[in-house]
Amino acid sequence: MVDRIADIWGTRTPYAQGEQWPVRVDQVLAKGLTGQDVDRWVQSACVLCSNGCGIDIAVKDGAMVGVRGRAADRVNHGRLGPKGLFASWQGVSNKDRLARPLIRENGELVETDWDTAMGRIVSRSKALLQEKGPLSHGFYTSGQLFLEEYYALGVIGKAGLGTPHMDGNTRLCTATAAAAMKESFGSDGQPGSYTDIDECDAIFLYGHNMAETQTVLWARVLDRISGPDKPLVVCVDPRPTEVARHADVHLPVRPGTNLALMHGLVREVIRNGWIDEEYIASHTLRFEDLADQIEQWTPEAVAAECGVDASAVVEAARIFGTSRRVLSTVLQGFYQSSQATASSCQVNNLHLLRGMIGQPGCGILQMNGQPTAQNTREAGADGDLPGFRNWENPEHIKELAELWDVDELVISHWAPPTHAAQIFRYAEQGSIKFLWISATNPAVSMPQLPRIRGILSKPDLFLVVQDLYMTETTKYADVVLPAAAWGEKTGTFTNVNRTVHLSEQAVEPPGQARSDLQIFLEYSRRMDFRTNSGGPLLDWEGPEDGFNAWRECSRGRPCDYTGLSYERLRGGSGIPWPVNDEHPDGTDRLYGDGTFPTHGEDTEDYGHDLTTGASVGPQAFKAMAPNGRAIFKTAPYQGAHETPDGEYPLRYTTGRTAYHFHTRTKTGRAPQLHDAAPSMWVEMSPGDAESLKLREGDQVRVESRRGHLFAPVRIAGVRTGTVFAPFHYGYWDDHEGEDPEQHPTAANELTLTEWDPVSKQPVFKTAAVRVTKVADATGPAPAPTTTASRPARAGRVPATAGGAAGEVSETIAPAEPQAAAPGKEES
Amino acid sequence: MKLPVYLGLLHRCEHTLAESFRQVADGHGDEPDVYFLCRALADQCEKHERALQPIVERYGEVDKDDEPERLHADGLSSTRSGAVGLLRDLQDLYLLGSLVDITWTMVKQAAQGLRDAELIGVVTRCEAETKTQLEWLSTRMKQAAPQALIVAE
Ligand code: SF4
């Protein structure tokens, strides 16, 4: 038994380059139960981060009582991390679950039945359609539903209502991944694979605290690091994360300066001739665009702007330029910061320069944050068109109109889809009057919360919220719909490296809760959306019909699911798309042959100017004639818009911790995880703490131009001049019943409303703040000691541990994992 | 030679456009993308002004223009409010930007005729940025138009 709260990544199973990552099956059951007590194990995958670990759910007497990792799954080879182990089932089986719909009567939410709740939604929806048309409707969904649910929502929005106002909270987590791939390669679609960890000579983690965000993926890296021929590790992160502690080069950049660093790395690689000229000539275009932007970014200039050592920049570039096989991974440190798309495109550019894409160990993983974010993007629930179709390409619109048997004019394709912040802006201005929020909690997760609360509470906004629990957002709803959770419904979803998993229903949902799919289908039926031939727009009976419909939609597209079925996904491992006649066993890597989806007819997006977000448009794109070549895209460095000054002298940055996911609706209900990181804190460096005379645990007030929060301070290893705040802590479990207006604690009280011009991802990583002490400590800050939040000076704070409750069984190498599917280049 | 007249026109237009971008930024601060981008683009216009300065000095200032402007591009005196107001302000910027853009084209033609390498260099750098300014305005207006024209109050 291993205490997996104290040891987040579990027991090491070292392996060498090119070897198979050993299997280790992690299992946890409710207290007092053993394997023999389990009635049955039900196949699924974890939905507490984007990694997509294969998981089996233990069921006893109709309830979920534990989980174990699936040994045969290519993603996790049996392992699970703390969130998957403790929160996936305990976060769902809980007495607080919503069991009946609620409607607002005389200002109060009261219980009702489905007929009344849906009746109210539909009558408001119909009245608004009549009076104002479809642009009065907005949908804000999630990265945590299933593929079939997003596709239903996408069809409703695009072919039923005809509104462009649909986005997911994926806008906050993964929009830049998609945008960077569209700009560089012409379409969304992850080039790399997790198997690249097994093969690489060096791994670069750009703003990606993998050790805390995808703990099982990091276990794979750790096992390579402890193996005989460890890969070199380069980490770009302002905090001393676990990744940084293992790094050969750590670049703790000032938040907001990523693009300057990337320009510097690209410059070094080019100047030293570490480039593959032949690859550049045959598989790329616009190499010459790089020169102007990078010229000034000498290692010394980078050092001055980013606050890192020039020699470290040189060394990082040398590792990139001279290692035989390099894997790069990118996440929120880049995606939620200034010039997000431009910075992430420079990562793609580095790989293009060396021709290192789609070969074993030479991968790019433009990461996702959430477990099913990939499907939000594929199925069109983030506003993009389903199947990575291009809204500017009339042929693609025609295909969809034929597939759905609706008029082309219904499908709103006259402008880019409306991104989340703009949807909220339209609601603020009163032109969106009907907003349906599913499986997300914007009252905690959106930037600038005082403003968001104002919008959600507008009397003329009809707000539908669909969730598992009462949240900070349901408080403002006119109708609350109780949703079935993971394990209580069947469906599929796809992880970062395109691996599709089936998640089967294990237990019944509580009370009257219904799956999100059932809810959307019911709305479509009651709205009487119809096809041209008069049939119902969505005639699916259940999730499998939805999957089969999606399969048709994906046919011939980069995310081709035509070779998959529920039957095919039962047993064994998840399978990475495309899966079709050409690749019947799926595809491990994309673009190994150097051919990219940039032919005018198949590209998902004609691209943008990365500084302003101006669209390139079909004509200019076709004139450029990329014809299957990748495109070097970049932009001049500008830096963050809000930087420290005399009034607000510190940089503010937000992020997460290993023990929690999002706003903790699930993880906060798993006692082991709750206890490991129970409430809000902020982190400051020893130097900054000393100049403010702060000691560990002292209560501070952190204030920006938009709001303030109160929290105890952890004196940690964050870079001097920077204040870090975890974004998980809202108000639902604030037992003192504090009001966010009176006693704010959430990180997003302070963040600013601003977004990347291309991906439209909000900037959560840079703002200017000031800190004042409000009270002496009553104990250490409630931050874990096992993560990047560890105290700067050891020994003064009790170590984070789970004790008996945190114990998990680990069985090493009981079985062979399934071999990875072959790469596109090999088949 | 009448090139100085056009140089003067261009110099003034870039100045007016810079001021107008700033005006729109300040007037539409609740639209963060408009706010930040208009400020950045105002800076860009001022950079164009500075780039033109040595050329203007070389060719000399013209006091008297024998084809005085009939169309007065005065810039925005104030900004409007609301969704339609934003659309119209962006459209005004677009008109001004178009004037700048076509003036760059005229100046470029002359620069080539004169084989003035310095001026050709300035034009090449600035003209592309002006085109991107117009493309951004058009992208942003396309996004805003349906909502503003159909449902906004
Ligand atoms: S790494 Fe992610 S997917 Fe895997 S168990 Fe942890 S939270 Fe779940």
# chains A, B, ... in the order shown; residues from 1 in each chain; ligands from 1
$ interface_residues --of "chain A" --to "chain B" --cutoff "9 Å" --atoms "only C-alpha atoms" --output "ChimeraX atom specification"
/A:132-133,135-136,414-418,422,425-426,429-432,609,611-616,641,753-757
$ write_last_selection --atoms "N, CA, C and O atoms" --output "mmCIF file, in the first residue's frame"
data_model
loop_
_atom_site.group_PDB
_atom_site.id
_atom_site.type_symbol
_atom_site.label_atom_id
_atom_site.label_comp_id
_atom_site.auth_asym_id
_atom_site.auth_seq_id
_atom_site.Cartn_x
_atom_site.Cartn_y
_atom_site.Cartn_z
ATOM 1 N N LYS A 132 -36.942 37.928 -31.103
ATOM 2 C CA LYS A 132 -35.601 38.466 -31.375
ATOM 3 C C LYS A 132 -34.783 37.615 -32.341
ATOM 4 O O LYS A 132 -33.737 38.043 -32.799
ATOM 5 N N GLY A 133 -35.200 36.372 -32.544
ATOM 6 C CA GLY A 133 -34.423 35.492 -33.420
ATOM 7 C C GLY A 133 -33.336 34.741 -32.667
ATOM 8 O O GLY A 133 -33.137 34.949 -31.472
ATOM 9 N N LEU A 135 -30.147 34.866 -32.494
ATOM 10 C CA LEU A 135 -28.973 35.515 -31.894
ATOM 11 C C LEU A 135 -29.233 35.956 -30.454
ATOM 12 O O LEU A 135 -28.338 36.452 -29.776
ATOM 13 N N SER A 136 -30.453 35.759 -29.987
ATOM 14 C CA SER A 136 -30.750 36.049 -28.577
ATOM 15 C C SER A 136 -30.344 34.894 -27.676
ATOM 16 O O SER A 136 -30.425 34.996 -26.470
ATOM 17 N N TRP A 414 -21.555 33.183 -41.193
ATOM 18 C CA TRP A 414 -21.196 34.463 -41.768
ATOM 19 C C TRP A 414 -20.145 35.196 -40.949
ATOM 20 O O TRP A 414 -19.683 36.250 -41.317
ATOM 21 N N ALA A 415 -19.786 34.644 -39.830
ATOM 22 C CA ALA A 415 -18.769 35.282 -38.987
ATOM 23 C C ALA A 415 -18.162 34.196 -38.123
ATOM 24 O O ALA A 415 -18.747 33.127 -37.968
ATOM 25 N N PRO A 416 -16.995 34.470 -37.539
ATOM 26 C CA PRO A 416 -16.415 33.448 -36.662
ATOM 27 C C PRO A 416 -17.361 33.171 -35.503
ATOM 28 O O PRO A 416 -18.127 34.035 -35.096
ATOM 29 N N PRO A 417 -17.315 31.950 -34.954
ATOM 30 C CA PRO A 417 -18.153 31.634 -33.805
ATOM 31 C C PRO A 417 -17.853 32.572 -32.640
ATOM 32 O O PRO A 417 -16.735 33.065 -32.509
ATOM 33 N N THR A 418 -18.832 32.820 -31.831
ATOM 34 C CA THR A 418 -18.678 33.781 -30.735
ATOM 35 C C THR A 418 -17.966 33.119 -29.557
ATOM 36 O O THR A 418 -18.420 32.091 -29.066
ATOM 37 N N GLN A 422 -17.052 37.000 -25.292
ATOM 38 C CA GLN A 422 -17.959 37.816 -26.091
ATOM 39 C C GLN A 422 -19.417 37.424 -25.824
ATOM 40 O O GLN A 422 -20.297 38.287 -25.808
ATOM 41 N N ARG A 425 -20.273 39.199 -22.861
ATOM 42 C CA ARG A 425 -20.407 40.625 -23.168
ATOM 43 C C ARG A 425 -21.778 40.916 -23.791
ATOM 44 O O ARG A 425 -22.426 41.900 -23.448
ATOM 45 N N TYR A 426 -22.210 40.049 -24.709
ATOM 46 C CA TYR A 426 -23.537 40.251 -25.303
ATOM 47 C C TYR A 426 -24.624 40.122 -24.237
ATOM 48 O O TYR A 426 -25.620 40.840 -24.262
ATOM 49 N N GLN A 429 -24.677 43.295 -22.378
ATOM 50 C CA GLN A 429 -25.327 44.371 -23.132
ATOM 51 C C GLN A 429 -26.799 44.088 -23.375
ATOM 52 O O GLN A 429 -27.502 44.941 -23.913
ATOM 53 N N GLY A 430 -27.246 42.888 -23.042
ATOM 54 C CA GLY A 430 -28.674 42.592 -23.150
ATOM 55 C C GLY A 430 -29.103 42.063 -24.504
ATOM 56 O O GLY A 430 -30.294 41.914 -24.750
ATOM 57 N N SER A 431 -28.166 41.766 -25.413
ATOM 58 C CA SER A 431 -28.626 41.225 -26.693
ATOM 59 C C SER A 431 -28.718 39.705 -26.644
ATOM 60 O O SER A 431 -29.457 39.109 -27.410
ATOM 61 N N ILE A 432 -27.987 39.053 -25.761
ATOM 62 C CA ILE A 432 -28.264 37.639 -25.461
ATOM 63 C C ILE A 432 -29.153 37.629 -24.224
ATOM 64 O O ILE A 432 -28.784 38.181 -23.185
ATOM 65 N N ASP A 609 -3.647 36.906 -38.681
ATOM 66 C CA ASP A 609 -2.490 37.668 -38.268
ATOM 67 C C ASP A 609 -2.394 37.477 -36.751
ATOM 68 O O ASP A 609 -3.363 37.724 -36.028
ATOM 69 N N THR A 611 -0.864 39.030 -34.419
ATOM 70 C CA THR A 611 -0.857 40.205 -33.548
ATOM 71 C C THR A 611 -2.262 40.746 -33.316
ATOM 72 O O THR A 611 -2.629 41.080 -32.193
ATOM 73 N N THR A 612 -3.041 40.815 -34.401
ATOM 74 C CA THR A 612 -4.356 41.449 -34.272
ATOM 75 C C THR A 612 -5.496 40.442 -34.304
ATOM 76 O O THR A 612 -6.608 40.755 -33.877
ATOM 77 N N GLY A 613 -5.263 39.267 -34.854
ATOM 78 C CA GLY A 613 -6.356 38.320 -35.045
ATOM 79 C C GLY A 613 -7.108 38.551 -36.343
ATOM 80 O O GLY A 613 -8.129 37.909 -36.594
ATOM 81 N N ALA A 614 -6.626 39.459 -37.209
ATOM 82 C CA ALA A 614 -7.282 39.676 -38.497
ATOM 83 C C ALA A 614 -7.269 38.387 -39.303
ATOM 84 O O ALA A 614 -6.246 37.708 -39.367
ATOM 85 N N SER A 615 -8.421 38.031 -39.917
ATOM 86 C CA SER A 615 -8.426 36.769 -40.685
ATOM 87 C C SER A 615 -7.675 36.933 -41.991
ATOM 88 O O SER A 615 -7.730 37.967 -42.641
ATOM 89 N N VAL A 616 -7.024 35.856 -42.384
ATOM 90 C CA VAL A 616 -6.303 35.835 -43.655
ATOM 91 C C VAL A 616 -7.300 35.725 -44.811
ATOM 92 O O VAL A 616 -7.155 36.373 -45.840
ATOM 93 N N HIS A 641 -0.089 43.403 -21.136
ATOM 94 C CA HIS A 641 -0.724 44.718 -21.142
ATOM 95 C C HIS A 641 -0.727 45.346 -19.765
ATOM 96 O O HIS A 641 -0.661 46.551 -19.623
ATOM 97 N N THR A 753 -10.210 41.068 -17.768
ATOM 98 C CA THR A 753 -10.893 40.596 -18.963
ATOM 99 C C THR A 753 -10.075 41.006 -20.164
ATOM 100 O O THR A 753 -10.030 42.169 -20.537
ATOM 101 N N GLU A 754 -9.395 40.031 -20.717
ATOM 102 C CA GLU A 754 -8.546 40.266 -21.877
ATOM 103 C C GLU A 754 -8.308 38.900 -22.487
ATOM 104 O O GLU A 754 -8.313 37.906 -21.770
ATOM 105 N N TRP A 755 -8.125 38.838 -23.810
ATOM 106 C CA TRP A 755 -7.929 37.513 -24.406
ATOM 107 C C TRP A 755 -6.953 37.601 -25.551
ATOM 108 O O TRP A 755 -6.692 38.667 -26.095
ATOM 109 N N ASP A 756 -6.446 36.411 -25.904
ATOM 110 C CA ASP A 756 -5.528 36.331 -27.032
ATOM 111 C C ASP A 756 -6.291 36.690 -28.307
ATOM 112 O O ASP A 756 -7.410 36.233 -28.510
ATOM 113 N N PRO A 757 -5.676 37.481 -29.195
ATOM 114 C CA PRO A 757 -6.414 37.931 -30.380
ATOM 115 C C PRO A 757 -6.805 36.797 -31.333
ATOM 116 O O PRO A 757 -7.745 36.948 -32.093
#
$ residues_near_ligand --ligand "ligand 1" --cutoff "6 Å" --atoms "only C-alpha atoms and all ligand atoms" --output "VMD selection string"
chain A and resid 46 to 53 80 to 81 83 to 84 214 to 216
$ write_last_selection --atoms "N, CA and C atoms" --output "mmCIF file, in the first residue's frame"
data_model
loop_
_atom_site.group_PDB
_atom_site.id
_atom_site.type_symbol
_atom_site.label_atom_id
_atom_site.label_comp_id
_atom_site.auth_asym_id
_atom_site.auth_seq_id
_atom_site.Cartn_x
_atom_site.Cartn_y
_atom_site.Cartn_z
ATOM 1 N N CYS A 46 -10.880 8.083 -17.014
ATOM 2 C CA CYS A 46 -11.002 9.118 -15.986
ATOM 3 C C CYS A 46 -11.336 10.475 -16.597
ATOM 4 N N VAL A 47 -12.204 11.221 -15.908
ATOM 5 C CA VAL A 47 -12.572 12.551 -16.412
ATOM 6 C C VAL A 47 -12.102 13.659 -15.480
ATOM 7 N N LEU A 48 -10.934 13.499 -14.877
ATOM 8 C CA LEU A 48 -10.479 14.577 -13.992
ATOM 9 C C LEU A 48 -9.244 15.297 -14.508
ATOM 10 N N CYS A 49 -8.848 14.992 -15.716
ATOM 11 C CA CYS A 49 -7.898 15.838 -16.450
ATOM 12 C C CYS A 49 -7.866 15.331 -17.875
ATOM 13 N N SER A 50 -7.050 15.927 -18.713
ATOM 14 C CA SER A 50 -7.062 15.597 -20.134
ATOM 15 C C SER A 50 -6.295 14.339 -20.477
ATOM 16 N N ASN A 51 -5.651 13.715 -19.471
ATOM 17 C CA ASN A 51 -4.776 12.591 -19.790
ATOM 18 C C ASN A 51 -5.539 11.387 -20.323
ATOM 19 N N GLY A 52 -6.754 11.165 -19.768
ATOM 20 C CA GLY A 52 -7.586 10.081 -20.287
ATOM 21 C C GLY A 52 -7.134 8.704 -19.863
ATOM 22 N N CYS A 53 -6.845 8.517 -18.581
ATOM 23 C CA CYS A 53 -6.411 7.212 -18.091
ATOM 24 C C CYS A 53 -7.569 6.219 -18.148
ATOM 25 N N LEU A 80 -3.146 5.277 -11.983
ATOM 26 C CA LEU A 80 -4.072 6.394 -11.773
ATOM 27 C C LEU A 80 -3.395 7.393 -10.852
ATOM 28 N N GLY A 81 -3.806 8.635 -10.965
ATOM 29 C CA GLY A 81 -3.280 9.673 -10.077
ATOM 30 C C GLY A 81 -4.258 9.937 -8.943
ATOM 31 N N LYS A 83 -6.309 12.337 -8.203
ATOM 32 C CA LYS A 83 -7.667 12.791 -8.515
ATOM 33 C C LYS A 83 -8.515 11.635 -9.036
ATOM 34 N N GLY A 84 -7.939 10.855 -9.945
ATOM 35 C CA GLY A 84 -8.674 9.711 -10.491
ATOM 36 C C GLY A 84 -8.993 8.705 -9.404
ATOM 37 N N GLN A 214 -1.234 16.579 -15.140
ATOM 38 C CA GLN A 214 -1.467 15.223 -15.662
ATOM 39 C C GLN A 214 -0.489 14.305 -14.931
ATOM 40 N N THR A 215 -0.846 13.926 -13.715
ATOM 41 C CA THR A 215 0.141 13.269 -12.845
ATOM 42 C C THR A 215 0.611 11.924 -13.413
ATOM 43 N N VAL A 216 -0.267 11.233 -14.127
ATOM 44 C CA VAL A 216 0.136 9.917 -14.649
ATOM 45 C C VAL A 216 1.094 10.070 -15.836
#
$ atom_distance --atom1 "CA of Ser691 in chain A" --atom2 "CA of Thr241 in chain A"
24.0 Å
$ residues_around --residues "Gly546 in chain A" --least-positions-apart "4" --cutoff "12 Å" --atoms "only C-alpha atoms" --output "list of chain:residue names"
A:Phe146, A:Leu147, A:Glu148, A:Glu149, A:Tyr150, A:Tyr151, A:Ala152, A:Leu153, A:Gly154, A:Val155, A:Ala379, A:Thr490, A:Gly491, A:Thr492, A:Leu517, A:Gln518, A:Phe520, A:Leu521, A:Leu538, A:Asp539, A:Trp540, A:Glu541, A:Gly542, A:Trp550, A:Arg551, A:Glu552, A:Cys553, A:Ser565, A:Tyr566
$ write_last_selection --atoms "N, CA and C atoms" --output "compact mmCIF listing (two decimals), in the first residue's frame"
# COMPACT_ATOMS: atom_id res chain seq x y z
N PHE A 146 -19.67 14.27 -22.67
CA PHE A 146 -19.22 13.24 -23.59
C PHE A 146 -19.41 13.72 -25.04
N LEU A 147 -18.68 13.06 -25.92
CA LEU A 147 -18.72 13.39 -27.35
C LEU A 147 -20.15 13.49 -27.89
N GLU A 148 -20.97 12.49 -27.57
CA GLU A 148 -22.33 12.44 -28.10
C GLU A 148 -23.14 13.64 -27.63
N GLU A 149 -22.84 14.11 -26.40
CA GLU A 149 -23.58 15.24 -25.84
C GLU A 149 -23.19 16.55 -26.53
N TYR A 150 -21.91 16.71 -26.77
CA TYR A 150 -21.47 17.91 -27.49
C TYR A 150 -22.03 17.93 -28.91
N TYR A 151 -22.02 16.75 -29.53
CA TYR A 151 -22.49 16.73 -30.91
C TYR A 151 -23.97 17.09 -30.95
N ALA A 152 -24.75 16.56 -30.01
CA ALA A 152 -26.17 16.92 -29.94
C ALA A 152 -26.31 18.44 -29.77
N LEU A 153 -25.52 18.99 -28.86
CA LEU A 153 -25.61 20.43 -28.62
C LEU A 153 -25.19 21.22 -29.86
N GLY A 154 -24.12 20.74 -30.50
CA GLY A 154 -23.64 21.40 -31.72
C GLY A 154 -24.72 21.40 -32.80
N VAL A 155 -25.39 20.27 -32.99
CA VAL A 155 -26.43 20.19 -34.02
C VAL A 155 -27.60 21.11 -33.65
N ALA A 379 -16.63 18.25 -32.06
CA ALA A 379 -18.05 18.11 -32.33
C ALA A 379 -18.73 19.46 -32.54
N THR A 490 -23.63 6.49 -20.35
CA THR A 490 -22.67 5.91 -21.29
C THR A 490 -22.31 6.94 -22.35
N GLY A 491 -21.07 6.89 -22.80
CA GLY A 491 -20.65 7.78 -23.88
C GLY A 491 -19.17 7.63 -24.13
N THR A 492 -18.67 8.38 -25.10
CA THR A 492 -17.25 8.28 -25.43
C THR A 492 -16.58 9.64 -25.25
N LEU A 517 -27.15 14.30 -22.35
CA LEU A 517 -27.66 13.95 -23.68
C LEU A 517 -29.19 13.90 -23.68
N GLN A 518 -29.74 13.22 -22.68
CA GLN A 518 -31.21 13.15 -22.60
C GLN A 518 -31.80 14.55 -22.53
N PHE A 520 -30.55 17.44 -23.67
CA PHE A 520 -30.47 18.16 -24.95
C PHE A 520 -31.48 17.58 -25.96
N LEU A 521 -31.60 16.24 -25.98
CA LEU A 521 -32.53 15.62 -26.93
C LEU A 521 -33.97 16.04 -26.61
N LEU A 538 -33.10 15.65 -34.38
CA LEU A 538 -32.33 14.67 -33.62
C LEU A 538 -33.27 13.54 -33.24
N ASP A 539 -33.10 12.42 -33.93
CA ASP A 539 -34.02 11.32 -33.65
C ASP A 539 -33.30 10.21 -32.89
N TRP A 540 -32.24 10.56 -32.20
CA TRP A 540 -31.48 9.53 -31.51
C TRP A 540 -32.26 9.02 -30.29
N GLU A 541 -32.09 7.72 -30.07
CA GLU A 541 -32.70 7.15 -28.87
C GLU A 541 -31.76 7.26 -27.68
N GLY A 542 -30.48 7.15 -27.96
CA GLY A 542 -29.52 7.16 -26.86
C GLY A 542 -28.13 7.46 -27.37
N TRP A 550 -22.30 10.84 -35.24
CA TRP A 550 -21.03 11.56 -35.25
C TRP A 550 -20.04 10.91 -36.20
N ARG A 551 -20.03 9.58 -36.20
CA ARG A 551 -19.11 8.85 -37.06
C ARG A 551 -19.28 9.29 -38.51
N GLU A 552 -20.53 9.44 -38.92
CA GLU A 552 -20.79 9.89 -40.29
C GLU A 552 -20.26 11.30 -40.50
N CYS A 553 -20.47 12.13 -39.50
CA CYS A 553 -20.04 13.53 -39.59
C CYS A 553 -18.51 13.62 -39.72
N SER A 565 -16.52 1.88 -33.17
CA SER A 565 -17.91 1.63 -32.75
C SER A 565 -17.86 1.35 -31.25
N TYR A 566 -18.99 1.35 -30.61
CA TYR A 566 -19.00 1.01 -29.19
C TYR A 566 -18.40 -0.38 -28.99
$ select_by_dssp --residues "range 218-302 of chain A" --states "strand (DSSP E or B)" --output "JSON, numbers by chain"
{"A": [232, 233, 234, 235, 236, 249, 250, 251, 284, 285]}
$ select_by_dssp --residues "range 169-224 of chain A" --states "helix (DSSP H, G or I)" --output "NGL selection string"
:A and (170-173 or 175-185 or 195-199 or 210-213 or 215-224)
$ residues_around --residues "Gly91 in chain A" --least-positions-apart "6" --cutoff "6 Å" --atoms "only C-alpha atoms" --output "PDB file with N, CA, C and O atoms, in the first residue's frame"
ATOM      1  N   LYS A 666     -16.033  18.225  -7.727  1.00  0.00           N
ATOM      2  CA  LYS A 666     -15.808  16.804  -7.421  1.00  0.00           C
ATOM      3  C   LYS A 666     -14.663  16.621  -6.420  1.00  0.00           C
ATOM      4  O   LYS A 666     -14.823  15.945  -5.409  1.00  0.00           O
ATOM      5  N   THR A 667     -13.501  17.200  -6.733  1.00  0.00           N
ATOM      6  CA  THR A 667     -12.329  16.913  -5.891  1.00  0.00           C
ATOM      7  C   THR A 667     -12.513  17.415  -4.458  1.00  0.00           C
ATOM      8  O   THR A 667     -12.012  16.797  -3.516  1.00  0.00           O
ATOM      9  N   ARG A 669     -15.004  17.137  -2.785  1.00  0.00           N
ATOM     10  CA  ARG A 669     -15.870  16.201  -2.054  1.00  0.00           C
ATOM     11  C   ARG A 669     -15.186  14.857  -1.806  1.00  0.00           C
ATOM     12  O   ARG A 669     -15.798  13.957  -1.254  1.00  0.00           O
ATOM     13  N   ALA A 670     -13.953  14.720  -2.245  1.00  0.00           N
ATOM     14  CA  ALA A 670     -13.167  13.526  -1.901  1.00  0.00           C
ATOM     15  C   ALA A 670     -12.346  13.905  -0.665  1.00  0.00           C
ATOM     16  O   ALA A 670     -11.496  14.790  -0.739  1.00  0.00           O
TER      17      ALA A 670
END
$ closest_residue --among "B:Val5, B:Val62, B:Val84, B:Ala73" --to "Ser98 in chain B" --atoms "only C-alpha atoms"
B:Ala73
$ closest_residue --among "B:Gly121, B:Pro54, B:Cys13, B:Leu149" --to "Leu86 in chain B" --atoms "only C-alpha atoms"
B:Leu149
$ residues_around --residues "Asp92 in chain B" --least-positions-apart "6" --cutoff "9 Å" --atoms "only C-alpha atoms" --output "short mmCIF file (atom, residue, chain, number, x, y, z; two decimals) with all heavy atoms, in the first residue's frame"
data_model
loop_
_atom_site.label_atom_id
_atom_site.label_comp_id
_atom_site.auth_asym_id
_atom_site.auth_seq_id
_atom_site.Cartn_x
_atom_site.Cartn_y
_atom_site.Cartn_z
N SER B 20 -7.45 58.84 -33.84
CA SER B 20 -8.78 58.23 -33.89
C SER B 20 -8.78 56.86 -33.24
O SER B 20 -9.72 56.48 -32.55
CB SER B 20 -9.27 58.14 -35.33
OG SER B 20 -9.31 59.43 -35.89
N GLY B 75 -10.91 62.79 -38.89
CA GLY B 75 -10.81 61.91 -37.73
C GLY B 75 -12.08 61.98 -36.91
O GLY B 75 -13.00 62.74 -37.20
N LEU B 76 -12.09 61.17 -35.85
CA LEU B 76 -13.31 61.09 -35.05
C LEU B 76 -13.32 62.20 -34.01
O LEU B 76 -12.36 62.36 -33.26
CB LEU B 76 -13.36 59.74 -34.32
CG LEU B 76 -14.00 58.59 -35.07
CD1 LEU B 76 -13.08 58.11 -36.19
CD2 LEU B 76 -14.29 57.45 -34.13
#
$ residues_around --residues "Leu435 in chain A" --least-positions-apart "2" --cutoff "6 Å" --atoms "only C-alpha atoms" --output "list in words"
Gly138, Phe139 and Leu463 of chain A
$ write_last_selection --atoms "C-alpha atoms" --output "tab-separated table (two decimals), in the first residue's frame"
chain	number	residue	atom	x	y	z
A	138	GLY	CA	-26.20	31.62	-26.12
A	139	PHE	CA	-24.74	28.33	-24.88
A	463	LEU	CA	-30.29	31.52	-17.18
$ residues_around --residues "range 281-287 of chain A" --least-positions-apart "4" --cutoff "10 Å" --atoms "only C-alpha atoms" --output "VMD selection string"
chain A and resid 184 to 185 276 to 277 291 349 352 to 353 355 593 to 596 624 to 634
